[in-house]
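**Student:** Contents of start-v7.pdb (PDB, C-alpha atoms and all ligand atoms) are given next:
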```pdb
ATOM      1  CA  MET A 677    -165.945-243.509 -40.663
ATOM      2  CA  HIS A 678    -163.380-241.866 -42.874
ATOM      3  CA  ASP A 679    -163.279-238.928 -45.262
ATOM      4  CA  GLN A 680    -164.062-239.716 -48.900
ATOM      5  CA  GLN A 681    -162.872-238.129 -52.156
ATOM      6  CA  PRO A 682    -166.232-237.637 -53.928
ATOM      7  CA  LYS A 683    -166.702-237.550 -57.714
ATOM      8  CA  LEU A 684    -166.288-234.000 -59.027
ATOM      9  CA  THR A 685    -169.676-232.737 -60.263
ATOM     10  CA  ASP A 686    -170.541-229.036 -60.681
ATOM     11  CA  GLN A 687    -172.066-228.961 -57.211
ATOM     12  CA  THR A 688    -169.132-230.818 -55.658
ATOM     13  CA  ALA A 689    -166.660-228.447 -57.285
ATOM     14  CA  LEU A 690    -168.683-225.445 -56.152
ATOM     15  CA  TRP A 691    -168.915-226.504 -52.513
ATOM     16  CA  LYS A 692    -165.340-227.746 -52.296
ATOM     17  CA  GLY A 693    -164.167-224.518 -53.909
ATOM     18  CA  SER A 694    -165.459-220.952 -54.037
ATOM     19  CA  GLY A 695    -168.961-221.646 -52.665
ATOM     20  CA  GLY A 696    -167.616-223.447 -49.597
ATOM     21  CA  GLN A 697    -164.933-220.836 -48.985
ATOM     22  CA  ALA A 698    -167.510-218.028 -49.131
ATOM     23  CA  TRP A 699    -169.704-219.820 -46.575
ATOM     24  CA  VAL A 700    -166.686-220.240 -44.286
ATOM     25  CA  ALA A 701    -165.771-216.548 -44.654
ATOM     26  CA  LEU A 702    -169.342-215.503 -43.789
ATOM     27  CA  GLN A 703    -169.888-218.225 -41.195
ATOM     28  CA  GLU A 704    -170.810-215.889 -38.313
ATOM     29  CA  LEU A 705    -173.214-213.891 -40.429
ATOM     30  CA  ILE A 706    -174.890-217.026 -41.818
ATOM     31  CA  ASP A 707    -175.162-218.506 -38.306
ATOM     32  CA  GLN A 708    -176.970-215.381 -37.160
ATOM     33  CA  LEU A 709    -179.172-215.173 -40.250
ATOM     34  CA  PHE A 710    -180.415-218.750 -40.121
ATOM     35  CA  GLN A 711    -180.463-219.185 -36.327
ATOM     36  CA  PRO A 712    -184.310-219.289 -36.263
ATOM     37  CA  ILE A 713    -184.244-222.225 -38.690
ATOM     38  CA  GLU A 714    -181.598-223.985 -36.630
ATOM     39  CA  ASP A 715    -183.824-223.587 -33.562
ATOM     40  CA  LEU A 716    -186.774-225.175 -35.393
ATOM     41  CA  LEU A 717    -184.679-228.219 -36.243
ATOM     42  CA  VAL A 718    -182.718-228.606 -33.036
ATOM     43  CA  ASP A 719    -185.558-227.971 -30.569
ATOM     44  CA  ALA A 720    -187.550-230.766 -32.222
ATOM     45  CA  VAL A 721    -184.868-233.397 -31.505
ATOM     46  CA  SER A 722    -186.026-235.166 -28.377
ATOM     47  CA  PRO A 723    -183.274-236.146 -25.893
ATOM     48  CA  GLU A 724    -185.632-238.873 -24.616
ATOM     49  CA  THR A 725    -185.672-240.805 -27.892
ATOM     50  CA  THR A 726    -182.569-239.608 -29.703
ATOM     51  CA  SER A 727    -178.873-240.017 -29.133
ATOM     52  CA  ARG A 728    -177.449-240.618 -32.622
ATOM     53  CA  VAL A 729    -178.066-237.813 -35.113
ATOM     54  CA  LEU A 730    -176.883-237.394 -38.689
ATOM     55  CA  ASP A 731    -176.742-233.794 -40.000
ATOM     56  CA  VAL A 732    -176.676-233.886 -43.813
ATOM     57  CA  GLY A 733    -174.844-231.153 -45.724
ATOM     58  CA  CYS A 734    -173.856-229.821 -42.299
ATOM     59  CA  GLY A 735    -171.585-227.103 -43.700
ATOM     60  CA  THR A 736    -169.647-225.345 -40.956
ATOM     61  CA  GLY A 737    -171.472-227.426 -38.345
ATOM     62  CA  SER A 738    -173.684-224.922 -36.554
ATOM     63  CA  THR A 739    -176.696-227.247 -36.427
ATOM     64  CA  THR A 740    -174.558-230.323 -35.672
ATOM     65  CA  VAL A 741    -172.915-228.647 -32.683
ATOM     66  CA  ALA A 742    -176.235-227.215 -31.480
ATOM     67  CA  VAL A 743    -177.857-230.644 -31.529
ATOM     68  CA  ALA A 744    -174.812-232.216 -29.833
ATOM     69  CA  ARG A 745    -175.104-229.647 -27.038
ATOM     70  CA  ARG A 746    -178.819-230.303 -26.688
ATOM     71  CA  LEU A 747    -178.328-234.061 -26.397
ATOM     72  CA  GLY A 748    -175.298-233.907 -24.108
ATOM     73  CA  ALA A 749    -172.150-235.945 -23.666
ATOM     74  CA  GLY A 750    -173.634-239.407 -24.292
ATOM     75  CA  ALA A 751    -174.894-238.464 -27.748
ATOM     76  CA  ARG A 752    -173.188-239.185 -31.052
ATOM     77  CA  CYS A 753    -173.835-236.400 -33.544
ATOM     78  CA  THR A 754    -172.295-236.718 -36.982
ATOM     79  CA  GLY A 755    -172.102-234.052 -39.661
ATOM     80  CA  VAL A 756    -171.518-235.121 -43.252
ATOM     81  CA  ASP A 757    -170.578-232.637 -45.952
ATOM     82  CA  ILE A 758    -168.888-232.752 -49.319
ATOM     83  CA  SER A 759    -166.888-229.580 -48.718
ATOM     84  CA  ASP A 760    -163.430-229.870 -47.137
ATOM     85  CA  PRO A 761    -163.196-226.182 -46.137
ATOM     86  CA  MET A 762    -166.611-226.294 -44.499
ATOM     87  CA  ILE A 763    -165.843-229.475 -42.581
ATOM     88  CA  ALA A 764    -162.531-227.984 -41.414
ATOM     89  CA  ALA A 765    -164.519-225.022 -40.057
ATOM     90  CA  ALA A 766    -167.053-227.398 -38.478
ATOM     91  CA  ARG A 767    -164.308-229.378 -36.705
ATOM     92  CA  GLY A 768    -162.839-226.112 -35.393
ATOM     93  CA  ARG A 769    -166.253-225.008 -34.154
ATOM     94  CA  ALA A 770    -166.896-228.303 -32.345
ATOM     95  CA  ALA A 771    -163.448-228.219 -30.707
ATOM     96  CA  ARG A 772    -163.973-224.650 -29.493
ATOM     97  CA  ALA A 773    -167.427-225.546 -28.147
ATOM     98  CA  GLY A 774    -166.168-228.755 -26.524
ATOM     99  CA  ALA A 775    -168.999-230.542 -28.355
ATOM    100  CA  SER A 776    -168.888-234.282 -28.977
ATOM    101  CA  ALA A 777    -169.711-233.968 -32.689
ATOM    102  CA  VAL A 778    -167.795-235.771 -35.421
ATOM    103  CA  PHE A 779    -167.557-234.743 -39.046
ATOM    104  CA  ILE A 780    -166.948-236.582 -42.324
ATOM    105  CA  VAL A 781    -166.017-235.114 -45.689
ATOM    106  CA  ALA A 782    -168.171-237.232 -48.006
ATOM    107  CA  ASP A 783    -170.936-237.238 -50.569
ATOM    108  CA  ALA A 784    -174.073-238.125 -48.608
ATOM    109  CA  GLU A 785    -175.513-239.615 -51.811
ATOM    110  CA  THR A 786    -172.950-242.397 -52.055
ATOM    111  CA  TYR A 787    -170.968-242.620 -48.819
ATOM    112  CA  PRO A 788    -171.385-246.039 -47.160
ATOM    113  CA  LEU A 789    -172.969-244.796 -43.926
ATOM    114  CA  GLU A 790    -173.300-247.498 -41.294
ATOM    115  CA  ARG A 791    -176.718-249.098 -41.677
ATOM    116  CA  ALA A 792    -179.471-248.504 -39.120
ATOM    117  CA  SER A 793    -177.112-246.372 -37.048
ATOM    118  CA  PHE A 794    -179.018-243.065 -36.583
ATOM    119  CA  ASP A 795    -182.108-242.172 -34.541
ATOM    120  CA  ALA A 796    -182.630-238.933 -36.465
ATOM    121  CA  VAL A 797    -181.501-237.385 -39.737
ATOM    122  CA  ILE A 798    -181.639-233.600 -39.919
ATOM    123  CA  SER A 799    -180.593-230.954 -42.417
ATOM    124  CA  ARG A 800    -180.746-227.208 -42.788
ATOM    125  CA  PHE A 801    -180.526-226.427 -46.500
ATOM    126  CA  GLY A 802    -178.126-229.341 -47.123
ATOM    127  CA  VAL A 803    -180.158-231.793 -49.245
ATOM    128  CA  MET A 804    -180.984-229.894 -52.454
ATOM    129  CA  PHE A 805    -177.695-230.477 -54.242
ATOM    130  CA  PHE A 806    -177.750-234.214 -55.008
ATOM    131  CA  GLY A 807    -177.372-235.341 -58.632
ATOM    132  CA  ASP A 808    -179.644-238.308 -57.857
ATOM    133  CA  PRO A 809    -181.884-237.365 -54.915
ATOM    134  CA  VAL A 810    -183.592-240.785 -54.777
ATOM    135  CA  ALA A 811    -180.209-242.506 -54.466
ATOM    136  CA  ALA A 812    -179.230-240.010 -51.757
ATOM    137  CA  PHE A 813    -182.401-240.384 -49.684
ATOM    138  CA  THR A 814    -182.246-244.173 -50.111
ATOM    139  CA  ASN A 815    -178.725-244.057 -48.694
ATOM    140  CA  LEU A 816    -179.927-241.892 -45.791
ATOM    141  CA  ARG A 817    -182.895-244.225 -45.220
ATOM    142  CA  GLY A 818    -180.470-247.147 -44.957
ATOM    143  CA  ALA A 819    -178.492-245.271 -42.302
ATOM    144  CA  ALA A 820    -181.634-244.593 -40.247
ATOM    145  CA  ARG A 821    -182.766-247.161 -37.686
ATOM    146  CA  ALA A 822    -186.362-248.370 -37.868
ATOM    147  CA  GLY A 823    -188.560-245.623 -36.435
ATOM    148  CA  ALA A 824    -185.958-242.890 -36.974
ATOM    149  CA  ARG A 825    -187.139-239.439 -37.880
ATOM    150  CA  LEU A 826    -186.105-237.325 -40.875
ATOM    151  CA  ARG A 827    -186.490-233.559 -40.571
ATOM    152  CA  CYS A 828    -185.062-231.185 -43.176
ATOM    153  CA  VAL A 829    -185.601-227.541 -44.030
ATOM    154  CA  VAL A 830    -185.434-226.712 -47.744
ATOM    155  CA  TRP A 831    -186.315-223.600 -49.728
ATOM    156  CA  ARG A 832    -189.671-223.152 -51.446
ATOM    157  CA  SER A 833    -189.592-221.487 -54.880
ATOM    158  CA  ALA A 834    -187.485-218.551 -56.003
ATOM    159  CA  ALA A 835    -190.748-216.645 -56.607
ATOM    160  CA  GLU A 836    -191.656-217.065 -52.939
ATOM    161  CA  ASN A 837    -188.152-216.002 -51.871
ATOM    162  CA  PRO A 838    -187.591-212.752 -53.789
ATOM    163  CA  PHE A 839    -184.857-211.619 -51.362
ATOM    164  CA  MET A 840    -182.702-214.519 -52.537
ATOM    165  CA  THR A 841    -182.773-213.459 -56.205
ATOM    166  CA  THR A 842    -182.786-209.662 -55.734
ATOM    167  CA  ALA A 843    -179.072-209.362 -56.502
ATOM    168  CA  GLU A 844    -179.154-211.356 -59.726
ATOM    169  CA  ARG A 845    -182.291-209.618 -60.994
ATOM    170  CA  ALA A 846    -180.827-206.176 -60.324
ATOM    171  CA  ALA A 847    -177.415-207.116 -61.765
ATOM    172  CA  ALA A 848    -178.795-208.805 -64.892
ATOM    173  CA  PRO A 849    -178.193-205.838 -67.255
ATOM    174  CA  LEU A 850    -174.537-205.729 -66.147
ATOM    175  CA  LEU A 851    -174.025-209.508 -65.956
ATOM    176  CA  PRO A 852    -175.951-211.041 -68.868
ATOM    177  CA  ASP A 853    -173.985-214.304 -68.625
ATOM    178  CA  LEU A 854    -175.111-215.180 -65.096
ATOM    179  CA  PRO A 855    -176.394-218.772 -65.212
ATOM    180  CA  ALA A 856    -180.202-218.959 -65.052
ATOM    181  CA  ARG A 857    -181.778-220.846 -62.129
ATOM    182  CA  ARG A 858    -183.543-223.952 -63.386
ATOM    183  CA  PRO A 859    -186.266-225.543 -61.265
ATOM    184  CA  ASP A 860    -185.538-229.145 -60.233
ATOM    185  CA  GLU A 861    -181.829-228.832 -61.107
ATOM    186  CA  PRO A 862    -179.505-229.465 -58.133
ATOM    187  CA  GLY A 863    -179.252-226.153 -56.303
ATOM    188  CA  GLN A 864    -180.915-223.861 -53.800
ATOM    189  CA  PHE A 865    -184.462-224.221 -55.157
ATOM    190  CA  ALA A 866    -184.319-227.856 -56.298
ATOM    191  CA  PHE A 867    -186.840-228.923 -53.633
ATOM    192  CA  ALA A 868    -189.337-226.126 -54.274
ATOM    193  CA  ASP A 869    -191.948-228.495 -55.717
ATOM    194  CA  ARG A 870    -193.615-230.209 -52.772
ATOM    195  CA  ASP A 871    -195.021-233.066 -54.896
ATOM    196  CA  ARG A 872    -191.580-233.807 -56.277
ATOM    197  CA  VAL A 873    -190.066-233.902 -52.783
ATOM    198  CA  ARG A 874    -192.831-236.240 -51.647
ATOM    199  CA  ARG A 875    -192.139-238.540 -54.625
ATOM    200  CA  ILE A 876    -188.400-238.537 -53.923
ATOM    201  CA  LEU A 877    -188.933-239.526 -50.282
ATOM    202  CA  ASP A 878    -191.565-242.096 -51.165
ATOM    203  CA  GLU A 879    -189.327-243.742 -53.783
ATOM    204  CA  SER A 880    -186.466-243.725 -51.260
ATOM    205  CA  GLY A 881    -188.409-245.798 -48.748
ATOM    206  CA  TRP A 882    -189.396-243.101 -46.242
ATOM    207  CA  SER A 883    -192.886-243.257 -44.639
ATOM    208  CA  GLU A 884    -195.363-240.853 -43.014
ATOM    209  CA  ILE A 885    -194.099-238.054 -45.245
ATOM    210  CA  ASP A 886    -195.265-234.663 -44.049
ATOM    211  CA  ILE A 887    -194.192-231.484 -45.845
ATOM    212  CA  GLN A 888    -195.415-228.231 -44.348
ATOM    213  CA  PRO A 889    -194.767-224.623 -45.399
ATOM    214  CA  ILE A 890    -192.895-222.519 -42.858
ATOM    215  CA  ASP A 891    -192.281-218.780 -43.170
ATOM    216  CA  VAL A 892    -189.354-217.827 -41.010
ATOM    217  CA  PRO A 893    -188.352-214.214 -40.264
ATOM    218  CA  CYS A 894    -184.595-213.765 -40.763
ATOM    219  CA  ALA A 895    -182.411-210.721 -40.093
ATOM    220  CA  MET A 896    -178.853-209.495 -40.506
ATOM    221  CA  PRO A 897    -177.136-206.167 -39.760
ATOM    222  CA  GLU A 898    -177.480-203.664 -42.597
ATOM    223  CA  ASN A 899    -173.738-203.108 -42.609
ATOM    224  CA  ALA A 900    -173.233-206.775 -43.580
ATOM    225  CA  LEU A 901    -175.507-206.645 -46.624
ATOM    226  CA  VAL A 902    -172.899-205.728 -49.238
ATOM    227  CA  ARG A 903    -170.551-208.421 -47.954
ATOM    228  CA  TYR A 904    -173.392-210.935 -48.164
ATOM    229  CA  VAL A 905    -174.371-209.946 -51.703
ATOM    230  CA  THR A 906    -170.828-209.768 -53.055
ATOM    231  CA  GLN A 907    -169.764-213.163 -51.689
ATOM    232  CA  LEU A 908    -172.787-215.480 -51.819
ATOM    233  CA  GLY A 909    -175.078-216.701 -54.590
ATOM    234  CA  PRO A 910    -174.567-216.387 -58.343
ATOM    235  CA  VAL A 911    -173.655-212.681 -58.175
ATOM    236  CA  GLY A 912    -171.170-213.283 -55.365
ATOM    237  CA  ARG A 913    -169.572-216.114 -57.320
ATOM    238  CA  PHE A 914    -169.310-213.986 -60.443
ATOM    239  CA  LEU A 915    -167.752-211.095 -58.518
ATOM    240  CA  GLN A 916    -164.993-213.321 -57.183
ATOM    241  CA  GLN A 917    -163.440-213.068 -60.665
ATOM    242  CA  ALA A 918    -164.507-209.487 -61.503
ATOM    243  CA  ASP A 919    -162.219-206.466 -61.487
ATOM    244  CA  ASP A 920    -162.692-203.597 -59.024
ATOM    245  CA  GLU A 921    -164.424-201.379 -61.545
ATOM    246  CA  LEU A 922    -167.109-203.933 -62.454
ATOM    247  CA  ARG A 923    -167.518-204.926 -58.805
ATOM    248  CA  ALA A 924    -168.156-201.271 -57.850
ATOM    249  CA  ARG A 925    -170.720-200.879 -60.646
ATOM    250  CA  VAL A 926    -172.522-204.056 -59.626
ATOM    251  CA  VAL A 927    -172.647-202.989 -55.960
ATOM    252  CA  ALA A 928    -173.952-199.527 -56.947
ATOM    253  CA  THR A 929    -176.679-201.153 -59.056
ATOM    254  CA  VAL A 930    -177.634-203.961 -56.708
ATOM    255  CA  ARG A 931    -177.611-202.275 -53.303
ATOM    256  CA  PRO A 932    -180.643-199.971 -53.955
ATOM    257  CA  ALA A 933    -182.708-202.997 -55.003
ATOM    258  CA  PHE A 934    -182.482-204.260 -51.396
ATOM    259  CA  GLU A 935    -184.026-201.061 -49.975
ATOM    260  CA  PRO A 936    -187.441-202.709 -49.324
ATOM    261  CA  TYR A 937    -185.669-205.120 -46.943
ATOM    262  CA  VAL A 938    -183.723-202.461 -45.013
ATOM    263  CA  HIS A 939    -185.264-201.349 -41.722
ATOM    264  CA  GLY A 940    -182.834-198.971 -40.037
ATOM    265  CA  PRO A 941    -179.834-200.972 -38.827
ATOM    266  CA  GLU A 942    -181.320-204.298 -39.934
ATOM    267  CA  VAL A 943    -182.061-206.177 -43.124
ATOM    268  CA  ARG A 944    -185.121-208.383 -42.741
ATOM    269  CA  PHE A 945    -186.768-210.924 -44.989
ATOM    270  CA  THR A 946    -188.945-213.986 -44.695
ATOM    271  CA  ALA A 947    -187.468-217.348 -45.615
ATOM    272  CA  ALA A 948    -190.226-219.299 -47.391
ATOM    273  CA  CYS A 949    -189.314-222.939 -46.759
ATOM    274  CA  TRP A 950    -190.692-226.440 -46.430
ATOM    275  CA  MET A 951    -190.297-228.352 -43.209
ATOM    276  CA  VAL A 952    -189.885-231.845 -44.609
ATOM    277  CA  GLY A 953    -190.649-234.642 -42.180
ATOM    278  CA  ALA A 954    -190.714-238.421 -42.559
ATOM    279  CA  HIS A 955    -190.124-241.648 -40.637
ATOM    280  CA  ALA A 956    -188.144-244.758 -41.356
ATOM    281  CA  ALA A 957    -190.837-247.404 -41.202
ATOM    282  CA  THR A 958    -190.414-250.074 -38.514
TER     283      THR A 958
HETATM  284  C1  LIG B1001    -176.550-224.170 -48.270
HETATM  285  S1  LIG B1001    -175.241-225.010 -47.503
HETATM  286  C2  LIG B1001    -175.926-225.359 -45.910
HETATM  287  C3  LIG B1001    -174.883-225.656 -44.872
HETATM  288  C4  LIG B1001    -175.406-225.891 -43.445
HETATM  289  N1  LIG B1001    -176.358-226.966 -43.387
HETATM  290  C5  LIG B1001    -175.978-224.630 -42.870
HETATM  291  O1  LIG B1001    -177.200-224.522 -42.768
HETATM  292  O2  LIG B1001    -175.186-223.750 -42.490
HETATM  293  C6  LIG B1001    -175.347-226.586 -48.325
HETATM  294  C7  LIG B1001    -174.341-227.584 -47.852
HETATM  295  O3  LIG B1001    -174.590-228.851 -48.496
HETATM  296  C8  LIG B1001    -173.329-229.431 -48.782
HETATM  297  N2  LIG B1001    -173.491-230.447 -49.841
HETATM  298  C9  LIG B1001    -173.813-230.255 -51.151
HETATM  299  N3  LIG B1001    -173.879-231.429 -51.799
HETATM  300  C10 LIG B1001    -173.601-232.396 -50.885
HETATM  301  C11 LIG B1001    -173.507-233.816 -50.937
HETATM  302  N4  LIG B1001    -173.733-234.481 -52.085
HETATM  303  N5  LIG B1001    -173.182-234.494 -49.819
HETATM  304  C12 LIG B1001    -172.937-233.825 -48.656
HETATM  305  N6  LIG B1001    -173.011-232.483 -48.542
HETATM  306  C13 LIG B1001    -173.345-231.772 -49.642
HETATM  307  C14 LIG B1001    -172.471-228.246 -49.209
HETATM  308  O4  LIG B1001    -171.105-228.515 -49.174
HETATM  309  C15 LIG B1001    -172.916-227.197 -48.185
HETATM  310  O5  LIG B1001    -172.151-227.235 -47.020
END
```
So, in terms of structure tokens, how does the structure I just supplied come out?
Ligand SMILES: C[S@@+](CC[C@H](N)C(=O)[O-])C[C@H]1O[C@@H](n2cnc3c(N)ncnc32)[C@H](O)[C@@H]1O
**Tutor:**
Amino acid sequence: MHDQQPKLTDQTALWKGSGGQAWVALQELIDQLFQPIEDLLVDAVSPETTSRVLDVGCGTGSTTVAVARRLGAGARCTGVDISDPMIAAARGRAARAGASAVFIVADAETYPLERASFDAVISRFGVMFFGDPVAAFTNLRGAARAGARLRCVVWRSAAENPFMTTAERAAAPLLPDLPARRPDEPGQFAFADRDRVRRILDESGWSEIDIQPIDVPCAMPENALVRYVTQLGPVGRFLQQADDELRARVVATVRPAFEPYVHGPEVRFTAACWMVGAHAAT
């Protein structure tokens, strides 16, 4: 397996560029925030039946390394991600942890993954960005051995995840040009519609599709909130090019909107997600 130079779409450019760099900069915070979701994915991988795992859109590799540690030295855990900076961080993480995980920079939609070579395909928030999701899940299905299990966590709708859009709603009067979120478009909420996800998996050749709502409590330190808001998401991306004066005004406007989520030293919210499960038919 070798790194690939994927076609430059908006999502590719975002993750290879500012979006990926922001995730690397906030890696520790994001690891902490989404640890409960990692646990849901990793604890479900059975060492009895699984030794080859593909982690799709693995980012900085937290879930890939966690699953490699769970399965032990004989396992082969592979993380695939389109973002060079995130894969560099993932390789560093695996080396520091002494984990036997390998990482590829590639577009999971098109990369020629070895056929029938994985016992399980997992993803935490890494499968909502494909231009052609059916092509992507068909590619992943081809890489899964007969009987392999698919298990991905994706976001439900923006309406069910108000924490995630608090910053852009509060900043809207100051930032009227922020791009609107469009349902079904590649992006954070692209898999919000359960019926659509079911159709995508069905058309991609996956069987026994089971999509269940999960509501996962997440927390971060209060003193990390401004860093989070000013670096991630549409507001964070906009602020990367803003001057100090506008940045200060946006922070002063946005921070009070998060008050309902602040509980003393912690910020808490519920991540409203789907646990998407399927099997590769035998
Ligand atoms: C929201 S981040 C999640 C990262 C990681 N799974 C985590 O939970 O920390 C989404 C990830 O999907 C990756 N990604 C987006 N489109 C991709 C594609 N077509 N192929 C592979 N990875 C992709 C991005 O580079 C990014 O690392």
**Student:** At a cut-off of 7 Å around ligand LIG 1001 (chain B), and using all atoms listed in the file, what residues come up? Please write them as JSON, numbers by chain.
**Tutor:** {"A": [687, 688, 691, 692, 696, 706, 707, 732, 733, 734, 735, 736, 737, 738, 739, 756, 757, 758, 759, 762, 782, 783, 784, 785, 799, 800, 801, 802, 803, 805, 806]}
**Student:** I'd like to see the residues matched by the PyMOL selection byres (((chain A and resi 678) around 12) and not hetatm) on this file, and ideally I'd get them as a PyMOL selection string.
**Tutor:** chain A and resi 677+679-681+754+756+778-783+787-790
**Student:** Report the distance between atom CA of Ala701 of chain A and atom CA of Thr842 of chain A in Å, rounded to one decimal place.
**Tutor:**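 According to the coordinates, atom CA of Ala701 of chain A and atom CA of Thr842 of chain A are separated by 21.4 Å.
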**Student:** For the atom pair atom CA of Ser833 of chain A and atom CA of Gln907 of chain A, what is the interatomic distance in Å to one decimal place?
**Tutor:**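 Straight-line distance from atom CA of Ser833 of chain A to atom CA of Gln907 of chain A works out to 21.7 Å.
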**Student:** Pick the closest to Pro932 of chain A from A:Leu747, A:Ala819, A:Glu884, A:Ala843: which is it, counting only C-alpha atoms?
**Tutor:**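 Checking each of A:Leu747, A:Ala819, A:Glu884, A:Ala843 against Pro932 of chain A, counting only C-alpha atoms, the winner is A:Ala843.
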**Student:** Rank A:Thr958, A:Ser776, A:Ser722, A:Thr814 by their smallest atom-to-atom distance to Glu879 of chain A, using all atoms listed in the file, and report the top residue only.
**Tutor:**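 Using all atoms listed in the file, the shortest distance to Glu879 of chain A belongs to A:Thr814.
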